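Asker: Can you read through this structure? Questions will come right after.
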Amino acid sequence: MILSILKSHRFINLKSLYCFFLLSFFVAHVKAQQVVISSPDGKLTVNLVVNNGTPTYSVSYNGKFFLEPSPIGLKTNLGDFSTGLQLKEKPIQNKIEETYELPNIKQSKVHYVANETVFSFTKNKESVIDVIFRVSDNDVAFKYKVYPQKVTLAAVVQEEVSGFLFPEGSTTFLSAQSKAMVGYARTMPSYEIPYAIDAPMGENGKGDGYTFPCLFKVNNNGWVLISETGVDSQYCASRLIGHENRLYTIGFPMEGENNGNGTSAPGIALPGETPWRTITVGETLAPIVETTVPFDLVKPRYEASQKYQFTKGSWSWIIGMDKSTVYDEQIRYVDFSAAMGYETVLVDALWDTQIGRDKIATLSKYATGKGVGLYLWYNSNGHWNDAPQSPRGIMNNTIARRKEMAWMKSIGIKGIKVDFFGGDKQETMKLYEDILYDANDYGILVIFHGTTLPRGWERMYPNYASSEAVLASENLSFGQGSCDLEAFSATLHTFIRNTVGSMDFGGSALNKFYNDKNTPNKGTKRITSDVYALATAVLFQSGVQHFALAPNNLTDAPQWAIDFMKVVPTTWDEVRFIDGFPGKYAILARRHGNKWYIAGINAQKETVKIKVKLPMIAGGAELKQYADDTQLNGKVTIKKMKKNQEIEVIIPCNGAVVLVN
C-alpha cells in the first residue's frame, strides 16, 4: 500500500513513485484511477490517483511540485477507509462562487471562487467516505464525509492518514507542539513555543509534532502554508505530525491534554464531516499573507444578537502586572482610554478579589460616562490545570456562566477574556463554542488566551473577537530574552500565525521599560523603537486590540507616536504583501477605507534599504512617513511617491517605517 511505502525506510525516489502511478494508470487502468482538478486560473492543480485501492493526491503550481503524492483517508471504529477503496465513476464537480463580508479580519469584502470535486469511495460495494476537494487560485482544501454503515449512525475517527509530502530540499518554519500538562500551572499546550526557522526537513519527525499554521519553503519554487479551518464542537483540533522521508500527517490531541479528561479521537454523528485541511501555495509570500481560505470554507454558526463593535483599548496588566488590578488604577486607565479616544479597558485577573463585584459595577458606570466599556478576565477552569487566578469555576459551567453573563449585561460589560484552556480535544472545542454562544445571548464579545488557534472562528462566531495562541506581549515583560528577540518574532508572526486568524498580541508599548513608572533598572527593557510600536499596530491584526500603552505615555512618549496610536484602525478592508522573509524583515500594506498604511520592520543586523512598488498608491502622491535613523530615533516627514509608484524604504535593526497616504 502507498502509505506503507511512504513510511518505509526503503522509500527513496518520490518522482519515480509518481511516474509509477502514471504508468499504472495507462497500462492497467482497471487497477488505477486518476483525476486532475485545477484552480479557476489553471495554475494550481491537484492530481488524485487511486492505485490498488489506495488514494493519494499531489499539488502542483505552474507545473512544479509543491506536494508530492501524499496519503488521504480515515481510519474509524467502523473500518479502515484509507485502503481497499474503489472510486466511483464521474465525480461530482461544482463551481463555487460566493461574495461575503468579513468586518473583523484581513479583508472586509471577499469574492471566493473555487472548483470543487466530490470523490465518492466505496469499500466492499458499500459507500464509506467522500473526499471533497476545493481548489481556488492559490488554495487547496479538502475534507471528508463519512457515511453510515448498515444501521450504525455514529463513529469514532481513530486516525486521519491525511498527509503532506514535501519535495526534497524543502525547509520548515514551525512551532513545536508542547507536551501536555507542562509549563506554568500545567496549562500547556497553548501554542506558545518559539519557531525554528528555515530548518531542514530531517528534523520533522522529532517531538510531539507542530501547531498550526505550518509554513514551508519549497526550494526556490515558493511557499506552502498548511492549516485547518471549520473546527467546532463536532470535532477536535489537530496538529501536524512529522515522519521520515519528508512526510507530515494530521495528528489528534495527546491523551494527556486537559488533565487526561476527554477522548483524543473525535466522535461524529453519521453522515458527518471533518474540518477542512487547507494548503495555501505561492511562488512568493503574497498568497500566504493575503489568503482568506480559513473563512471562505465556513459559514456563520448562529446569528449575531446585535451589531458588534470591534474596537481598541488599553489594559494595565501588561505594564503593572497583578498589583495594577485595583480600583484606582483602573479609573486611571479608563481616563487614559478616554483621552486616547479608545472605546474599552481590559480589567485583567484578580478583579473579583482586588476590586470586588460591587466596585466593578461602579467602575463600569464611571467608564460608560467616559464613553468607555469594560472587558473582564476569567479563568476557564475547570478540572484541567492548576492556574489559580480568579475568577475561576464560572466559565466552565453552563449555569454559572449564564448567570455571570446576565450580571455582566446588567452592568454594561462589553466583553470577556477567558484564559488557560490547555487542550485541543473535542470536549474543549465544545467549551469554546458554548462560551461564544452563551456570550452572544448577552451581547458580549469574547477573547481567548492560553488557547488554541482560531480556525475560521471570525466568520463562524459573530461575537468572536480574538485569540492569543502566540508568544504574546506578556513575555516581553517576563524576560529580557523575549525583548531582545522582539523584532525577530514579529517577522514570523506576520507570515505565519497572523495569516490565518486574529492574534491578540497586546503589544505596541511606548514605555522604554516594562514597569508602571517607566523607570530604568526595573523590569525588562524594550530595544525596539517607537516607530516599531506603530508598525506592529498595523502588522499584527486583531479586530479588538488592547495596546500595551500606559497613561504616562501621554507625557513621556513622542507626540507623533501618541497621535498615530489614537487613530490607527483595528479593522481593515484589504491586506497586501509588499516584501520580506520570515525571521529577517517584513513589509505589509493594509487599507482602511481609502487610506493605506504601509508598515515595515527589520530584525537583521544589517539595515534594510530597498525600493518597493506600491501600485495601490498613485504616482506623485504625498505620504506621511514615520521612520527611524540608525540610533532608532524616529521622526515624521513627508515623502513623495515617484511616478513609477516606487519608493525607497530604509529600516535599521529593531527599527521600522510606516507610510500613510
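By convention here, the chains of the C-alpha cells are called A, B, ... in the order presented, each chain's residues are numbered starting at 1, and ligands are numbered starting at 1 in the order presented.
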Which polymer residues have any atom within 7 Å of an atom of stretch 553-566 of chain A, counting only C-alpha atoms, with same-chain residues fewer than 2 positions away left out, as a ChimeraX atom specification?
Answerer: /A:340-341,510-511,534,549-551,568
Asker: Could you name the residues that touch A:Lys307 at 10 Å or less, counting only C-alpha atoms, but leaving out those on the same chain fewer than 4 positions away, as a ChimeraX atom specification?
Answerer: /A:443,462-463
Asker: Those selected residues, please, written with C-alpha atoms and delivered as a PDB file, in the first residue's frame.
Answerer:
ATOM      1  CA  GLY A 443     -24.208  40.819  23.665  1.00  0.00           C
ATOM      2  CA  PRO A 462     -20.088  36.761  15.147  1.00  0.00           C
ATOM      3  CA  ASN A 463     -19.070  37.735  18.704  1.00  0.00           C
TER       4      ASN A 463
END
Asker: Out of A:Val118, A:Val59, A:Gly506, A:Leu225, which residue has the shortest atom-to-atom distance to A:Ala286 when counting only C-alpha atoms?
Answerer: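 For A:Ala286, the nearest of the candidates is A:Leu225.
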Asker: Which neighbours of A:Glu283 fall inside 7 Å, counting only C-alpha atoms, when residues of the same chain fewer than 6 positions from it are skipped, and could you give them as a ChimeraX atom specification?
Answerer: /A:221-223
Asker: Keeping N, CA, C and O atoms for every residue in the selection just given, could you write it to a file as an mmCIF file, in the first residue's frame?
Answerer:
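result.cif, written as the output of this step:
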data_model
loop_
_atom_site.group_PDB
_atom_site.id
_atom_site.type_symbol
_atom_site.label_atom_id
_atom_site.label_comp_id
_atom_site.auth_asym_id
_atom_site.auth_seq_id
_atom_site.Cartn_x
_atom_site.Cartn_y
_atom_site.Cartn_z
ATOM 1 N N ASN A 221 11.003 27.202 -5.506
ATOM 2 C CA ASN A 221 9.698 27.264 -6.177
ATOM 3 C C ASN A 221 8.711 28.180 -5.465
ATOM 4 O O ASN A 221 7.851 28.786 -6.104
ATOM 5 N N GLY A 222 8.802 28.254 -4.137
ATOM 6 C CA GLY A 222 7.866 29.103 -3.419
ATOM 7 C C GLY A 222 7.564 28.594 -2.026
ATOM 8 O O GLY A 222 8.420 27.981 -1.372
ATOM 9 N N TRP A 223 6.324 28.795 -1.590
ATOM 10 C CA TRP A 223 5.928 28.593 -0.193
ATOM 11 C C TRP A 223 4.637 27.789 -0.104
ATOM 12 O O TRP A 223 3.780 27.873 -0.977
#
Asker: Residues within 10 Å of stretch 292-297 of chain A, please, as a PyMOL selection string. Count only C-alpha atoms; anything in the same chain fewer than 5 positions from it doesn't count.
Answerer: chain A and resi 97-100+102+105-107+110-114+134+136+138-142+227-230+275-280+287+454-460+499-501
Asker: For A:Ile444, please output as a list in words all residues within 9 Å (counting only C-alpha atoms; exclusion window: fewer than 2 positions along the same chain).
Answerer: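 Counting only the stated atoms, we get Tyr308, Met405, Met408, Lys409, Ile413, Lys414, Gly415, Ile416, Leu436, Asp438, Ala439, Asn440, Asp441, Tyr442, Val446 and Asn463 of chain A.
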Asker: Could those residues be written to a file, using C-alpha atoms, as an mmCIF file, in the first residue's frame?
Answerer:
data_model
loop_
_atom_site.group_PDB
_atom_site.id
_atom_site.type_symbol
_atom_site.label_atom_id
_atom_site.label_comp_id
_atom_site.auth_asym_id
_atom_site.auth_seq_id
_atom_site.Cartn_x
_atom_site.Cartn_y
_atom_site.Cartn_z
ATOM 1 C CA TYR A 308 -20.751 44.093 17.487
ATOM 2 C CA MET A 405 -23.165 36.863 31.815
ATOM 3 C CA MET A 408 -22.319 41.442 33.139
ATOM 4 C CA LYS A 409 -25.041 42.587 30.767
ATOM 5 C CA ILE A 413 -19.746 44.881 30.317
ATOM 6 C CA LYS A 414 -18.708 44.764 26.646
ATOM 7 C CA GLY A 415 -16.509 41.681 26.522
ATOM 8 C CA ILE A 416 -14.608 38.942 28.316
ATOM 9 C CA LEU A 436 -19.221 32.037 22.496
ATOM 10 C CA ASP A 438 -23.888 31.961 25.541
ATOM 11 C CA ALA A 439 -21.987 35.255 25.355
ATOM 12 C CA ASN A 440 -23.850 36.156 22.172
ATOM 13 C CA ASP A 441 -27.148 35.882 24.056
ATOM 14 C CA TYR A 442 -25.916 38.674 26.311
ATOM 15 C CA VAL A 446 -15.017 37.061 23.576
ATOM 16 C CA ASN A 463 -19.070 37.735 18.704
#
Asker: Could you give me, as a PyMOL selection string, the residues within 7 Å of A:Ala627, counting only C-alpha atoms and dropping anything in the same chain fewer than 3 positions from it?
Answerer: chain A and resi 531+634-636+656-658
Asker: Please dump the current selection as a compact mmCIF listing (two decimals), in the first residue's frame; keep all heavy atoms.
Answerer:
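File written: selection_31.txt
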# COMPACT_ATOMS: atom_id res chain seq x y z
N VAL A 531 8.84 53.86 16.50
CA VAL A 531 8.22 53.63 15.19
C VAL A 531 7.85 52.15 15.04
O VAL A 531 6.82 51.81 14.46
CB VAL A 531 9.13 54.09 14.05
CG1 VAL A 531 8.47 53.83 12.69
CG2 VAL A 531 9.47 55.56 14.18
N GLY A 634 13.05 58.21 16.02
CA GLY A 634 12.04 58.35 14.99
C GLY A 634 11.71 59.79 14.68
O GLY A 634 11.85 60.68 15.53
N LYS A 635 11.28 60.04 13.45
CA LYS A 635 10.79 61.35 13.09
C LYS A 635 9.76 61.21 11.98
O LYS A 635 9.66 60.17 11.31
CB LYS A 635 11.92 62.28 12.66
CG LYS A 635 12.63 61.88 11.38
CD LYS A 635 13.69 62.92 11.01
CE LYS A 635 14.39 62.54 9.69
NZ LYS A 635 15.40 63.56 9.31
N VAL A 636 9.00 62.27 11.77
CA VAL A 636 7.93 62.26 10.78
C VAL A 636 8.29 63.22 9.66
O VAL A 636 8.67 64.37 9.92
CB VAL A 636 6.58 62.67 11.42
CG1 VAL A 636 5.46 62.57 10.39
CG2 VAL A 636 6.28 61.80 12.63
N ALA A 656 11.80 50.54 12.32
CA ALA A 656 10.63 50.36 11.48
C ALA A 656 10.41 51.57 10.60
O ALA A 656 11.06 52.62 10.76
CB ALA A 656 9.39 50.11 12.35
N VAL A 657 9.48 51.41 9.68
CA VAL A 657 8.99 52.51 8.88
C VAL A 657 7.48 52.33 8.73
O VAL A 657 6.99 51.20 8.64
CB VAL A 657 9.68 52.56 7.50
CG1 VAL A 657 9.34 51.33 6.66
CG2 VAL A 657 9.30 53.82 6.74
N VAL A 658 6.75 53.42 8.74
CA VAL A 658 5.31 53.41 8.47
C VAL A 658 5.03 54.55 7.50
O VAL A 658 5.48 55.68 7.70
CB VAL A 658 4.48 53.60 9.76
CG1 VAL A 658 2.98 53.63 9.41
CG2 VAL A 658 4.77 52.50 10.77
Asker: Please identify the strand (DSSP E or B) residues within stretch 298-543 of chain A (assignment by DSSP from backbone atoms) and present them as a ChimeraX atom specification.
Answerer: /A:312-315,344-347,373-379,415-419,445-448,464-467,513,525
Asker: For A:Ser127, please output as an MDAnalysis selection string all residues within 12 Å (counting only C-alpha atoms; exclusion window: fewer than 2 positions along the same chain).
Answerer: chainID A and resid 79 81 85:88 119:125 129:131 145:150 271
Asker: What is the atom CA of A:Val281-atom CA of A:Asp198 distance in Å, reported with one decimal?
Answerer: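 Going from atom CA of A:Val281 over to atom CA of A:Asp198, I get 17.1 Å.
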Asker: Go through A:Asn515, A:Ser542, A:Asn51, A:Thr452 and flag the residue nearest A:Gly320, using only C-alpha atoms for the distances.
Answerer: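 Among the listed residues, the smallest separation from A:Gly320 belongs to A:Asn515.
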Asker: Counting only C-alpha atoms, which residue out of A:Glu427, A:Cys653, A:Val347, A:Ser364 sits closest to A:Met321?
Answerer: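 Among the listed residues, the smallest separation from A:Met321 belongs to A:Val347.
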Asker: What does the distance from atom CA of A:Ala537 to atom CA of A:Pro615 come to in Å, to one decimal?
Answerer: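 Atom-to-atom, atom CA of A:Ala537 to atom CA of A:Pro615, that is 22.5 Å.
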Asker: Could you state the separation of atom CA of A:Ile197 and atom CA of A:Glu159 in Å, given to one decimal place?
Answerer: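 Interatomic distance here is 28.8 Å.
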Asker: With only C-alpha atoms as the basis for distance, which of A:Arg497, A:Gln93, A:Leu78, A:Gly84 is at the shortest distance from A:Val36?
Answerer: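 Selected residue with least distance to A:Val36: A:Gln93.
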Asker: If you run DSSP on this backbone, which residues of stretch 17-159 of chain A come out as helix (DSSP H, G or I), and could you give them as a ChimeraX atom specification?
Answerer: /A:17-27
